[in-house]
file model10.cif (mmCIF, C-alpha atoms)
data_data
#
loop_
_atom_site.group_PDB
_atom_site.id
_atom_site.type_symbol
_atom_site.label_atom_id
_atom_site.label_comp_id
_atom_site.auth_asym_id
_atom_site.auth_seq_id
_atom_site.Cartn_x
_atom_site.Cartn_y
_atom_site.Cartn_z
ATOM 1 C CA MET A 1 0.000 0.000 0.000
ATOM 2 C CA ASP A 2 2.850 2.336 0.904
ATOM 3 C CA THR A 3 4.624 1.642 -2.357
ATOM 4 C CA ASN A 4 1.380 2.244 -4.228
ATOM 5 C CA ASP A 5 0.917 5.631 -2.541
ATOM 6 C CA GLN A 6 4.481 6.552 -3.296
ATOM 7 C CA PHE A 7 3.999 5.596 -6.911
ATOM 8 C CA SER A 8 0.805 7.604 -7.334
ATOM 9 C CA LYS A 9 2.408 10.686 -5.754
ATOM 10 C CA GLN A 10 5.308 10.634 -8.170
ATOM 11 C CA VAL A 11 3.328 10.341 -11.371
ATOM 12 C CA LYS A 12 1.981 13.688 -12.606
ATOM 13 C CA SER A 13 -0.388 14.618 -15.368
ATOM 14 C CA GLY A 14 1.583 16.762 -17.824
ATOM 15 C CA THR A 15 -1.512 18.109 -19.549
ATOM 16 C CA ASN A 16 -2.998 19.410 -16.314
ATOM 17 C CA ILE A 17 0.306 21.014 -15.276
ATOM 18 C CA GLN A 18 0.450 22.891 -18.582
ATOM 19 C CA GLU A 19 -3.188 23.997 -18.350
ATOM 20 C CA ASN A 20 -2.752 25.324 -14.813
ATOM 21 C CA LYS A 21 0.397 27.212 -15.815
ATOM 22 C CA LYS A 22 -1.419 28.726 -18.786
ATOM 23 C CA ARG A 23 -4.284 29.984 -16.621
ATOM 24 C CA TYR A 24 -1.856 31.566 -14.173
ATOM 25 C CA GLU A 25 0.109 33.182 -16.992
ATOM 26 C CA THR A 26 -3.033 34.722 -18.519
ATOM 27 C CA LEU A 27 -4.090 36.151 -15.163
ATOM 28 C CA MET A 28 -0.652 37.631 -14.490
ATOM 29 C CA ASP A 29 -0.454 39.140 -17.996
ATOM 30 C CA LYS A 30 -3.713 41.021 -17.464
ATOM 31 C CA VAL A 31 -2.852 42.238 -13.975
ATOM 32 C CA CYS A 32 0.696 43.362 -14.795
ATOM 33 C CA LEU A 33 -0.347 45.245 -17.938
ATOM 34 C CA MET A 34 -3.028 47.120 -16.025
ATOM 35 C CA ALA A 35 -0.607 47.768 -13.146
ATOM 36 C CA GLY A 36 1.777 49.309 -15.704
ATOM 37 C CA VAL A 37 -0.950 51.597 -17.014
ATOM 38 C CA VAL A 38 -1.844 52.735 -13.478
ATOM 39 C CA THR A 39 1.830 53.321 -12.618
ATOM 40 C CA GLY A 40 2.098 55.547 -15.684
ATOM 41 C CA ILE A 41 -1.055 57.452 -14.671
ATOM 42 C CA LEU A 42 0.462 58.053 -11.239
ATOM 43 C CA GLN A 43 3.634 59.301 -13.021
ATOM 44 C CA LEU A 44 5.884 57.161 -10.835
ATOM 45 C CA GLU A 45 9.528 57.170 -11.837
ATOM 46 C CA SER A 46 12.518 54.809 -11.499
ATOM 47 C CA THR A 47 12.590 52.854 -8.230
ATOM 48 C CA TYR A 48 9.012 53.724 -7.266
ATOM 49 C CA GLY A 49 7.719 52.227 -10.504
ATOM 50 C CA PHE A 50 9.587 48.981 -9.981
ATOM 51 C CA LEU A 51 8.424 48.921 -6.366
ATOM 52 C CA ALA A 52 4.844 49.279 -7.610
ATOM 53 C CA PHE A 53 5.455 46.298 -9.900
ATOM 54 C CA LEU A 54 6.882 44.176 -7.094
ATOM 55 C CA ILE A 55 4.030 45.019 -4.732
ATOM 56 C CA THR A 56 1.377 44.232 -7.366
ATOM 57 C CA TYR A 57 3.157 41.030 -8.410
ATOM 58 C CA LEU A 58 3.518 39.683 -4.888
ATOM 59 C CA PHE A 59 0.011 40.787 -3.887
ATOM 60 C CA THR A 60 -1.463 38.978 -6.901
ATOM 61 C CA ILE A 61 0.499 35.810 -6.129
ATOM 62 C CA LEU A 62 -0.744 35.930 -2.547
ATOM 63 C CA LEU A 63 -4.352 36.338 -3.690
ATOM 64 C CA TYR A 64 -3.904 33.529 -6.226
ATOM 65 C CA VAL A 65 -2.480 31.102 -3.691
ATOM 66 C CA ILE A 66 -5.207 31.844 -1.151
ATOM 67 C CA GLY A 67 -8.183 32.363 -3.472
ATOM 68 C CA ILE A 68 -7.658 30.092 -6.460
ATOM 69 C CA CYS A 69 -5.352 27.373 -5.097
ATOM 70 C CA GLY A 70 -7.220 27.276 -1.769
ATOM 71 C CA GLY A 71 -3.944 27.599 0.143
ATOM 72 C CA HIS A 72 -2.520 24.395 -1.373
ATOM 73 C CA PRO A 73 -0.607 25.359 -4.532
ATOM 74 C CA GLY A 74 1.294 22.071 -4.342
ATOM 75 C CA LEU A 75 -1.834 20.262 -5.561
ATOM 76 C CA PHE A 76 -1.835 22.211 -8.828
ATOM 77 C CA TYR A 77 1.793 23.132 -9.510
ATOM 78 C CA GLU A 78 4.867 20.941 -9.635
ATOM 79 C CA ASN A 79 7.398 23.412 -8.235
ATOM 80 C CA THR A 80 5.317 26.013 -6.461
ATOM 81 C CA ILE A 81 7.975 28.667 -5.880
ATOM 82 C CA SER A 82 9.504 28.442 -9.328
ATOM 83 C CA ASP A 83 6.189 28.144 -11.220
ATOM 84 C CA LEU A 84 4.424 30.977 -9.424
ATOM 85 C CA LEU A 85 7.271 33.334 -8.577
ATOM 86 C CA PHE A 86 10.171 33.077 -11.013
ATOM 87 C CA ASP A 87 9.052 31.486 -14.303
ATOM 88 C CA ASN A 88 6.953 34.429 -15.492
ATOM 89 C CA PHE A 89 8.884 37.205 -13.757
ATOM 90 C CA THR A 90 10.787 38.569 -16.785
ATOM 91 C CA ARG A 91 7.774 38.227 -19.068
ATOM 92 C CA GLU A 92 5.526 40.158 -16.687
ATOM 93 C CA LEU A 93 8.196 42.783 -15.966
ATOM 94 C CA MET A 94 8.593 43.467 -19.692
ATOM 95 C CA GLY A 95 4.819 43.797 -20.117
ATOM 96 C CA PHE A 96 4.653 46.091 -17.111
ATOM 97 C CA ILE A 97 7.462 48.347 -18.355
ATOM 98 C CA MET A 98 5.858 48.564 -21.792
ATOM 99 C CA ALA A 99 2.485 49.651 -20.367
ATOM 100 C CA TRP A 100 4.168 51.924 -17.810
ATOM 101 C CA THR A 101 6.275 53.863 -20.332
ATOM 102 C CA PHE A 102 3.373 54.044 -22.774
ATOM 103 C CA SER A 103 0.908 55.618 -20.333
ATOM 104 C CA PHE A 104 3.684 57.723 -18.753
ATOM 105 C CA ALA A 105 4.483 59.286 -22.122
ATOM 106 C CA LEU A 106 0.799 59.761 -23.000
ATOM 107 C CA ILE A 107 0.018 61.635 -19.801
ATOM 108 C CA GLY A 108 3.248 63.483 -19.099
ATOM 109 C CA MET B 1 -16.317 34.941 -17.538
ATOM 110 C CA SER B 2 -19.409 35.664 -15.493
ATOM 111 C CA PHE B 3 -21.604 38.735 -15.753
ATOM 112 C CA LEU B 4 -20.354 39.947 -12.365
ATOM 113 C CA SER B 5 -16.700 39.861 -13.393
ATOM 114 C CA LYS B 6 -17.479 41.588 -16.689
ATOM 115 C CA ALA B 7 -19.404 44.322 -14.875
ATOM 116 C CA ILE B 8 -16.577 44.881 -12.379
ATOM 117 C CA GLN B 9 -14.046 44.902 -15.209
ATOM 118 C CA TYR B 10 -15.950 47.566 -17.164
ATOM 119 C CA ILE B 11 -16.253 49.715 -14.036
ATOM 120 C CA ALA B 12 -12.524 49.259 -13.323
ATOM 121 C CA ILE B 13 -11.564 50.292 -16.866
ATOM 122 C CA ILE B 14 -13.829 53.358 -16.698
ATOM 123 C CA VAL B 15 -12.342 54.342 -13.316
ATOM 124 C CA ILE B 16 -8.788 53.937 -14.651
ATOM 125 C CA LEU B 17 -9.569 55.886 -17.834
ATOM 126 C CA HIS B 18 -11.163 58.644 -15.771
ATOM 127 C CA SER B 19 -8.167 58.872 -13.445
ATOM 128 C CA GLY B 20 -5.879 58.866 -16.491
ATOM 129 C CA PHE B 21 -7.799 61.770 -18.026
ATOM 130 C CA SER B 22 -7.745 63.649 -14.697
ATOM 131 C CA SER B 23 -4.005 63.076 -14.403
ATOM 132 C CA TYR B 24 -3.499 64.295 -17.980
ATOM 133 C CA GLU B 25 -5.517 67.447 -17.361
ATOM 134 C CA PHE B 26 -3.651 68.087 -14.131
ATOM 135 C CA HIS B 27 -0.254 67.784 -15.793
ATOM 136 C CA GLN B 28 -1.271 70.077 -18.639
ATOM 137 C CA THR B 29 -2.410 72.700 -16.120
ATOM 138 C CA ALA B 30 0.737 72.184 -14.043
ATOM 139 C CA LYS B 31 2.883 72.821 -17.122
ATOM 140 C CA GLN B 32 1.081 76.114 -17.781
ATOM 141 C CA LEU B 33 1.389 77.167 -14.140
ATOM 142 C CA SER B 34 5.060 76.295 -13.968
ATOM 143 C CA LEU B 35 5.722 78.744 -16.808
ATOM 144 C CA ASP B 36 4.289 81.596 -14.737
ATOM 145 C CA SER B 37 5.457 80.795 -11.221
ATOM 146 C CA ILE B 38 8.854 79.899 -9.846
ATOM 147 C CA SER B 39 7.822 76.784 -7.990
ATOM 148 C CA ASN B 40 6.832 73.920 -10.252
ATOM 149 C CA VAL B 41 6.709 71.280 -7.529
ATOM 150 C CA ILE B 42 3.025 70.408 -7.634
ATOM 151 C CA ALA B 43 2.151 66.882 -6.602
ATOM 152 C CA LEU B 44 -0.645 64.879 -8.197
ATOM 153 C CA PRO B 45 -3.842 65.372 -6.145
ATOM 154 C CA ILE B 46 -4.485 62.537 -3.764
ATOM 155 C CA ASP B 47 -7.991 61.807 -5.088
ATOM 156 C CA ILE B 48 -6.584 61.005 -8.536
ATOM 157 C CA LYS B 49 -4.058 58.666 -6.912
ATOM 158 C CA TYR B 50 -6.765 56.918 -4.924
ATOM 159 C CA GLU B 51 -8.955 56.638 -7.995
ATOM 160 C CA ALA B 52 -6.182 55.000 -10.031
ATOM 161 C CA ILE B 53 -5.309 52.569 -7.247
ATOM 162 C CA ALA B 54 -8.990 51.755 -6.662
ATOM 163 C CA GLY B 55 -9.334 51.086 -10.396
ATOM 164 C CA LEU B 56 -6.386 48.679 -10.321
ATOM 165 C CA LEU B 57 -7.767 46.876 -7.274
ATOM 166 C CA LEU B 58 -11.182 46.558 -8.939
ATOM 167 C CA PHE B 59 -9.502 45.190 -12.061
ATOM 168 C CA ILE B 60 -7.570 42.596 -10.040
ATOM 169 C CA ILE B 61 -10.778 41.576 -8.266
ATOM 170 C CA SER B 62 -12.589 41.226 -11.603
ATOM 171 C CA VAL B 63 -9.822 38.992 -12.980
ATOM 172 C CA PHE B 64 -10.069 36.755 -9.931
ATOM 173 C CA VAL B 65 -13.876 36.674 -10.032
ATOM 174 C CA SER B 66 -13.664 35.552 -13.682
ATOM 175 C CA PHE B 67 -12.180 32.247 -12.468
ATOM 176 C CA GLU B 68 -14.952 29.688 -12.240
ATOM 177 C CA LYS B 69 -14.926 26.218 -10.777
ATOM 178 C CA ILE B 70 -14.281 23.755 -13.579
ATOM 179 C CA GLU B 71 -17.417 21.838 -14.523
ATOM 180 C CA TYR B 72 -17.908 18.931 -16.893
ATOM 181 C CA TYR B 73 -20.745 17.222 -18.695
ATOM 182 C CA SER B 74 -20.854 13.476 -18.335
ATOM 183 C CA LEU B 75 -19.865 11.961 -21.661
ATOM 184 C CA ARG B 76 -22.239 9.008 -21.439
ATOM 185 C CA ARG B 77 -25.352 10.416 -19.897
ATOM 186 C CA GLN B 78 -28.562 8.612 -20.733
ATOM 187 C CA GLU B 79 -31.013 10.166 -23.119
ATOM 188 C CA GLY B 80 -33.969 11.871 -21.525
ATOM 189 C CA HIS B 81 -32.039 12.736 -18.381
ATOM 190 C CA SER B 82 -31.476 16.386 -17.624
ATOM 191 C CA ILE B 83 -28.022 17.705 -18.381
ATOM 192 C CA GLU B 84 -26.313 18.014 -15.036
ATOM 193 C CA THR B 85 -22.799 19.268 -14.569
ATOM 194 C CA LEU B 86 -20.150 17.473 -12.552
ATOM 195 C CA SER B 87 -17.431 19.267 -10.655
ATOM 196 C CA GLN B 88 -14.511 18.555 -8.370
ATOM 197 C CA GLY B 89 -15.046 21.953 -6.734
ATOM 198 C CA GLN B 90 -11.697 23.343 -7.870
ATOM 199 C CA TYR B 91 -10.632 26.277 -10.038
ATOM 200 C CA LEU B 92 -7.608 24.388 -11.392
ATOM 201 C CA LYS B 93 -6.923 20.805 -12.377
ATOM 202 C CA TYR B 94 -5.177 18.382 -10.037
ATOM 203 C CA ILE B 95 -1.744 17.408 -11.281
ATOM 204 C CA THR B 96 -1.276 14.044 -9.582
ATOM 205 C CA LEU B 97 -2.252 11.337 -12.012
ATOM 206 C CA ASN B 98 -4.526 9.512 -9.553
ATOM 207 C CA LYS B 99 -6.625 12.678 -9.102
ATOM 208 C CA ALA B 100 -6.563 13.365 -12.854
ATOM 209 C CA THR B 101 -7.892 9.830 -13.376
ATOM 210 C CA ASP B 102 -10.652 10.526 -10.819
ATOM 211 C CA ARG B 103 -11.814 13.262 -13.147
ATOM 212 C CA ASP B 104 -11.826 10.867 -16.106
ATOM 213 C CA ASN B 105 -13.890 8.370 -14.123
ATOM 214 C CA MET B 106 -16.318 11.032 -12.963
ATOM 215 C CA ILE B 107 -17.141 12.217 -16.473
ATOM 216 C CA ASN B 108 -16.980 8.675 -17.867
ATOM 217 C CA SER B 109 -14.079 9.526 -20.121
ATOM 218 C CA ASP B 110 -12.094 6.414 -20.935
ATOM 219 C CA PRO B 111 -8.434 7.180 -21.652
ATOM 220 C CA THR B 112 -8.037 3.719 -23.214
ATOM 221 C CA GLY B 113 -11.260 4.101 -25.204
ATOM 222 C CA ASP B 114 -9.511 4.058 -28.577
ATOM 223 C CA VAL B 115 -8.503 0.462 -27.830
ATOM 224 C CA SER B 116 -11.563 -0.676 -25.851
ATOM 225 C CA TYR B 117 -14.018 0.593 -28.436
ATOM 226 C CA THR B 118 -12.239 -0.557 -31.566
ATOM 227 C CA PRO B 119 -15.000 -2.315 -33.553
ATOM 228 C CA ASN B 120 -13.099 -5.578 -33.579
ATOM 229 C CA MET B 121 -12.840 -5.571 -29.790
ATOM 230 C CA VAL B 122 -16.515 -4.882 -29.063
ATOM 231 C CA HIS B 123 -18.596 -7.924 -28.004
ATOM 232 C CA ILE B 124 -15.797 -10.344 -28.757
ATOM 233 C CA HIS B 125 -17.479 -13.089 -26.741
ATOM 234 C CA GLU B 126 -20.714 -12.637 -28.645
ATOM 235 C CA LYS B 127 -18.840 -12.919 -31.930
ATOM 236 C CA ARG B 128 -17.015 -16.053 -30.776
ATOM 237 C CA LYS B 129 -20.344 -17.584 -29.795
ATOM 238 C CA GLN B 130 -21.797 -16.774 -33.228
ATOM 239 C CA MET B 131 -18.740 -18.324 -34.857
ATOM 240 C CA ARG B 132 -19.028 -21.484 -32.733
ATOM 241 C CA ASP B 133 -22.722 -21.772 -33.583
ATOM 242 C CA TRP B 134 -21.987 -21.306 -37.284
ATOM 243 C CA ILE B 135 -19.264 -23.971 -37.267
ATOM 244 C CA GLN B 136 -21.528 -26.325 -35.382
ATOM 245 C CA LYS B 137 -24.325 -25.759 -37.893
ATOM 246 C CA GLN B 138 -21.929 -26.353 -40.785
ATOM 247 C CA GLN B 139 -20.791 -29.603 -39.247
ATOM 248 C CA GLU B 140 -24.378 -30.743 -38.654
ATOM 249 C CA THR B 141 -25.397 -30.023 -42.242
ATOM 250 C CA SER B 142 -22.347 -31.802 -43.656
#
call {"tool": "encode", "arguments": {"input": "model10.cif", "output": "structure tokens"}}
result
Amino acid sequence: MDTNDQFSKQVKSGTNIQENKKRYETLMDKVCLMAGVVTGILQLESTYGFLAFLITYLFTILLYVIGICGGHPGLFYENTISDLLFDNFTRELMGFIMAWTFSFALIG
Amino acid sequence: MSFLSKAIQYIAIIVILHSGFSSYEFHQTAKQLSLDSISNVIALPIDIKYEAIAGLLLFIISVFVSFEKIEYYSLRRQEGHSIETLSQGQYLKYITLNKATDRDNMINSDPTGDVSYTPNMVHIHEKRKQMRDWIQKQQETS
């Protein structure tokens, strides 16, 4: 029985992992783009802008883990820290900077 | 995406656009004023800041509300029965294979169906019985 449990814990469904990652990525894309627009509206510059990104990013992850994953991200993601925190970081930062500079230039 | 999340999203976008327009107007005025006066250190009014942040928060809430618990239709429901949805009560899909297989069982999806339902494999015992009967009949007639 123990060996059976061990076996079933190790085997993962690749399709479901990909689908969960995709849903998270879509959510983060939307939030970070809008956060960039708002940062531009507030005319934040240099460090404050990046701080705004970090705060939004971490706040969204926290909400996601509590609200969508029900506090157990390990059930839906293989490597929780890497999948949620680091994998999409550069992608979201680039999106944020694009929206930030765009709205900054439009308003200022 | 539910009606509620769409409604919140529209409100959020309107709030953000409004704060953006206010910010634009403010900066245009500030530029004009700075030409006349010496001090050009005028901060963005706090209500515009709050409006923009409230808009972002509303947008984030709308994105989260748009997540719905995943529901399935049973693949082999009987005719005449009402269409009822099945759900594991989760927003995402379980990654462990035993839980993923639970889902397949729940909606009657057979991952090995392409083998199990190959025409040659269906009712194999029935076909063998027919063949035995046919051979027996042939032998009796001969």
call {"tool": "atom_distance", "arguments": {"input": "model10.cif", "atom1": "atom CA of A:Leu106", "atom2": "atom CA of B:Gly20"}}
result
9.4 Å
call {"tool": "interface_residues", "arguments": {"input": "model10.cif", "of": "chain A", "to": "chain B", "cutoff": "7 Å", "atoms": "all atoms listed in the file", "output": "tab-separated table (two decimals) with C-alpha atoms, in the frame of the given file"}}
result
chain	number	residue	atom	x	y	z
A	8	SER	CA	0.80	7.60	-7.33
A	9	LYS	CA	2.41	10.69	-5.75
A	11	VAL	CA	3.33	10.34	-11.37
A	12	LYS	CA	1.98	13.69	-12.61
A	13	SER	CA	-0.39	14.62	-15.37
A	16	ASN	CA	-3.00	19.41	-16.31
A	17	ILE	CA	0.31	21.01	-15.28
A	20	ASN	CA	-2.75	25.32	-14.81
A	27	LEU	CA	-4.09	36.15	-15.16
A	31	VAL	CA	-2.85	42.24	-13.98
A	34	MET	CA	-3.03	47.12	-16.02
A	35	ALA	CA	-0.61	47.77	-13.15
A	38	VAL	CA	-1.84	52.74	-13.48
A	41	ILE	CA	-1.06	57.45	-14.67
A	42	LEU	CA	0.46	58.05	-11.24
A	68	ILE	CA	-7.66	30.09	-6.46
A	75	LEU	CA	-1.83	20.26	-5.56
A	76	PHE	CA	-1.84	22.21	-8.83
A	77	TYR	CA	1.79	23.13	-9.51
A	107	ILE	CA	0.02	61.64	-19.80
A	108	GLY	CA	3.25	63.48	-19.10
call {"tool": "resolve_selection", "arguments": {"input": "model10.cif", "expression": "the PyMOL selection byres ((chain A and resi 85) around 12)", "output": "ChimeraX atom specification"}}
result
/A:21,24-25,28,54,57-62,64-65,73,77,79-84,86-92
call {"tool": "write_last_selection", "arguments": {"input": "model10.cif", "atoms": "C-alpha atoms", "output": "PDB file, keeping the file's coordinate frame"}}
result
ATOM      1  CA  LYS A  21       0.397  27.212 -15.815  1.00  0.00           C
ATOM      2  CA  TYR A  24      -1.856  31.566 -14.173  1.00  0.00           C
ATOM      3  CA  GLU A  25       0.109  33.182 -16.992  1.00  0.00           C
ATOM      4  CA  MET A  28      -0.652  37.631 -14.490  1.00  0.00           C
ATOM      5  CA  LEU A  54       6.882  44.176  -7.094  1.00  0.00           C
ATOM      6  CA  TYR A  57       3.157  41.030  -8.410  1.00  0.00           C
ATOM      7  CA  LEU A  58       3.518  39.683  -4.888  1.00  0.00           C
ATOM      8  CA  PHE A  59       0.011  40.787  -3.887  1.00  0.00           C
ATOM      9  CA  THR A  60      -1.463  38.978  -6.901  1.00  0.00           C
ATOM     10  CA  ILE A  61       0.499  35.810  -6.129  1.00  0.00           C
ATOM     11  CA  LEU A  62      -0.744  35.930  -2.547  1.00  0.00           C
ATOM     12  CA  TYR A  64      -3.904  33.529  -6.226  1.00  0.00           C
ATOM     13  CA  VAL A  65      -2.480  31.102  -3.691  1.00  0.00           C
ATOM     14  CA  PRO A  73      -0.607  25.359  -4.532  1.00  0.00           C
ATOM     15  CA  TYR A  77       1.793  23.132  -9.510  1.00  0.00           C
ATOM     16  CA  ASN A  79       7.398  23.412  -8.235  1.00  0.00           C
ATOM     17  CA  THR A  80       5.317  26.013  -6.461  1.00  0.00           C
ATOM     18  CA  ILE A  81       7.975  28.667  -5.880  1.00  0.00           C
ATOM     19  CA  SER A  82       9.504  28.442  -9.328  1.00  0.00           C
ATOM     20  CA  ASP A  83       6.189  28.144 -11.220  1.00  0.00           C
ATOM     21  CA  LEU A  84       4.424  30.977  -9.424  1.00  0.00           C
ATOM     22  CA  PHE A  86      10.171  33.077 -11.013  1.00  0.00           C
ATOM     23  CA  ASP A  87       9.052  31.486 -14.303  1.00  0.00           C
ATOM     24  CA  ASN A  88       6.953  34.429 -15.492  1.00  0.00           C
ATOM     25  CA  PHE A  89       8.884  37.205 -13.757  1.00  0.00           C
ATOM     26  CA  THR A  90      10.787  38.569 -16.785  1.00  0.00           C
ATOM     27  CA  ARG A  91       7.774  38.227 -19.068  1.00  0.00           C
ATOM     28  CA  GLU A  92       5.526  40.158 -16.687  1.00  0.00           C
TER      29      GLU A  92
END
call {"tool": "atom_distance", "arguments": {"input": "model10.cif", "atom1": "atom CA of A:Cys69", "atom2": "atom CA of B:Asn108"}}
result
25.5 Å
call {"tool": "resolve_selection", "arguments": {"input": "model10.cif", "expression": "the PyMOL selection byres ((chain A and resi 101) around 12)", "output": "list in words"}}
result
Leu33, Ala35, Gly36, Val37, Val38, Thr39, Gly40, Ile41, Leu42, Gln43, Leu44, Glu45, Ser46, Gly49, Phe50, Met94, Gly95, Phe96, Ile97, Met98, Ala99, Trp100, Phe102, Ser103, Phe104, Ala105, Leu106, Ile107 and Gly108 of chain A
call {"tool": "closest_residue", "arguments": {"input": "model10.cif", "among": "B:Thr29, B:Ser116, B:Ser62, B:Gln88", "to": "B:Gln9", "atoms": "only C-alpha atoms"}}
result
B:Ser62
call {"tool": "closest_residue", "arguments": {"input": "model10.cif", "among": "B:Asp133, B:Ser74, B:Leu86, B:Ala12", "to": "B:Ser109", "atoms": "all atoms listed in the file"}}
result
B:Ser74
